$ cat coords-v1.pdb   # PDB, C-alpha atoms
ATOM      1  CA  MET A 262     251.498 -22.100  57.153
ATOM      2  CA  THR A 263     254.921 -21.289  58.481
ATOM      3  CA  ASP A 264     256.537 -22.202  61.752
ATOM      4  CA  GLU A 265     257.420 -18.584  62.531
ATOM      5  CA  PRO A 266     256.307 -17.260  65.919
ATOM      6  CA  PRO A 267     253.516 -14.680  65.822
ATOM      7  CA  LYS A 268     254.619 -11.059  65.673
ATOM      8  CA  PRO A 269     254.152  -9.092  68.894
ATOM      9  CA  LYS A 270     251.227  -6.705  68.882
ATOM     10  CA  ARG A 271     252.159  -3.137  68.141
ATOM     11  CA  ARG A 272     251.497  -0.801  71.028
ATOM     12  CA  ARG A 273     249.742   2.422  70.222
ATOM     13  CA  GLY A 274     249.613   5.742  72.002
ATOM     14  CA  ARG A 275     251.935   7.153  74.578
ATOM     15  CA  PRO A 276     254.083   4.919  76.763
ATOM     16  CA  LYS A 277     252.915   4.421  80.322
ATOM     17  CA  LYS A 278     253.896   7.222  82.660
ATOM     18  CA  GLU A 279     256.569   6.725  85.262
ATOM     19  CA  GLY A 280     255.337   5.930  88.739
ATOM     20  CA  THR A 281     256.373   9.275  90.207
ATOM     21  CA  GLY A 282     253.030  10.147  91.751
ATOM     22  CA  ASN A 283     250.643  12.848  90.658
ATOM     23  CA  MET A 284     252.024  14.853  87.757
ATOM     24  CA  ARG A 285     250.739  17.991  86.073
ATOM     25  CA  PRO A 286     252.148  19.356  82.791
ATOM     26  CA  LEU A 287     254.273  22.491  82.820
ATOM     27  CA  ASN A 288     254.674  23.581  79.218
ATOM     28  CA  VAL A 289     257.022  26.523  78.796
ATOM     29  CA  GLU A 290     259.333  27.831  76.110
ATOM     30  CA  VAL A 291     262.974  28.297  77.055
ATOM     31  CA  PRO A 292     265.776  30.198  75.297
ATOM     32  CA  GLU A 293     267.630  27.959  72.849
ATOM     33  CA  ASP A 294     271.012  29.433  73.759
ATOM     34  CA  LEU A 295     270.752  27.822  77.215
ATOM     35  CA  GLN A 296     270.848  24.404  75.488
ATOM     36  CA  LEU A 297     268.612  22.958  78.202
ATOM     37  CA  HIS A 298     267.365  20.092  76.028
ATOM     38  CA  ARG A 299     270.888  18.947  75.134
ATOM     39  CA  ARG A 300     272.234  19.367  78.654
ATOM     40  CA  GLY A 301     269.191  17.683  80.193
ATOM     41  CA  THR A 302     269.574  14.717  77.866
ATOM     42  CA  LEU A 303     273.252  14.360  78.815
ATOM     43  CA  CYS A 304     272.298  14.518  82.495
ATOM     44  CA  LYS A 305     269.632  11.861  81.925
ATOM     45  CA  LEU A 306     272.210   9.577  80.314
ATOM     46  CA  ASP A 307     274.665  10.116  83.185
ATOM     47  CA  THR A 308     272.240   9.914  86.115
ATOM     48  CA  GLY A 309     269.112   8.136  84.869
ATOM     49  CA  LEU A 310     267.053  11.100  86.094
ATOM     50  CA  SER A 311     264.275  11.838  83.590
ATOM     51  CA  LEU A 312     263.950  15.307  82.088
ATOM     52  CA  LYS A 313     260.730  15.962  83.984
ATOM     53  CA  GLU A 314     262.375  14.918  87.261
ATOM     54  CA  GLN A 315     265.299  17.257  86.553
ATOM     55  CA  VAL A 316     262.971  20.177  85.821
ATOM     56  CA  ALA A 317     260.796  19.485  88.861
ATOM     57  CA  GLN A 318     263.806  19.355  91.194
ATOM     58  CA  ALA A 319     265.487  22.438  89.751
ATOM     59  CA  TYR A 320     262.319  24.551  89.737
ATOM     60  CA  ASP A 321     261.367  23.444  93.250
ATOM     61  CA  GLU A 322     264.848  24.294  94.565
ATOM     62  CA  TRP A 323     264.836  27.695  92.817
ATOM     63  CA  LEU A 324     261.376  28.630  94.145
ATOM     64  CA  THR A 325     262.359  27.538  97.654
ATOM     65  CA  ARG A 326     265.522  29.701  97.532
ATOM     66  CA  LYS A 327     263.372  32.652  96.438
ATOM     67  CA  GLY A 328     261.189  32.159  99.528
ATOM     68  CA  TYR A 329     258.241  30.346  97.934
ATOM     69  CA  GLU A 330     257.936  27.368 100.244
ATOM     70  CA  LYS A 331     255.566  24.460  99.621
ATOM     71  CA  ALA A 332     252.265  24.715 101.451
ATOM     72  CA  ASN A 333     251.841  22.378 104.402
ATOM     73  CA  ALA A 334     249.358  19.540 103.968
ATOM     74  CA  ASP A 335     247.583  20.883 107.079
ATOM     75  CA  SER A 336     246.916  24.316 105.491
TER      76      SER A 336
END

$ encode --input "coords-v1.pdb" --output "structure tokens"
Amino acid sequence: MTDEPPKPKRRRGRPKKEGTGNMRPLNVEVPEDLQLHRRGTLCKLDTGLSLKEQVAQAYDEWLTRKGYEKANADS
């Protein structure tokens, strides 16, 4: 026997999701020439805002500007 500490158990599967509330996937292809993945990663490094948070905010703002408001909870 050795006096080495036990190795930590290896975690399997996906990491736990961020606590941002209810999330639903939005899988879309985007043009490579926009470099959204690269630019989003740089933004994440600068601001700490995850890629999914960036996309959610940008898409929500764009839809709102186009006149597609969120439905009221009372509706």

$ resolve_selection --input "coords-v1.pdb" --expression "the PyMOL selection byres ((chain A and resi 313) around 12)" --output "list in words"
Lys278, Glu279, Thr281, Met284, Arg285, Pro286, Leu287, Asn288, His298, Gly301, Thr302, Cys304, Lys305, Gly309, Leu310, Ser311, Leu312, Glu314, Gln315, Val316, Ala317, Gln318, Ala319, Tyr320 and Asp321 of chain A

$ atom_distance --input "coords-v1.pdb" --atom1 "atom CA of Gly282 of chain A" --atom2 "atom CA of Gln296 of chain A"
28.0 Å

$ atom_distance --input "coords-v1.pdb" --atom1 "atom CA of Trp323 of chain A" --atom2 "atom CA of Val291 of chain A"
15.9 Å
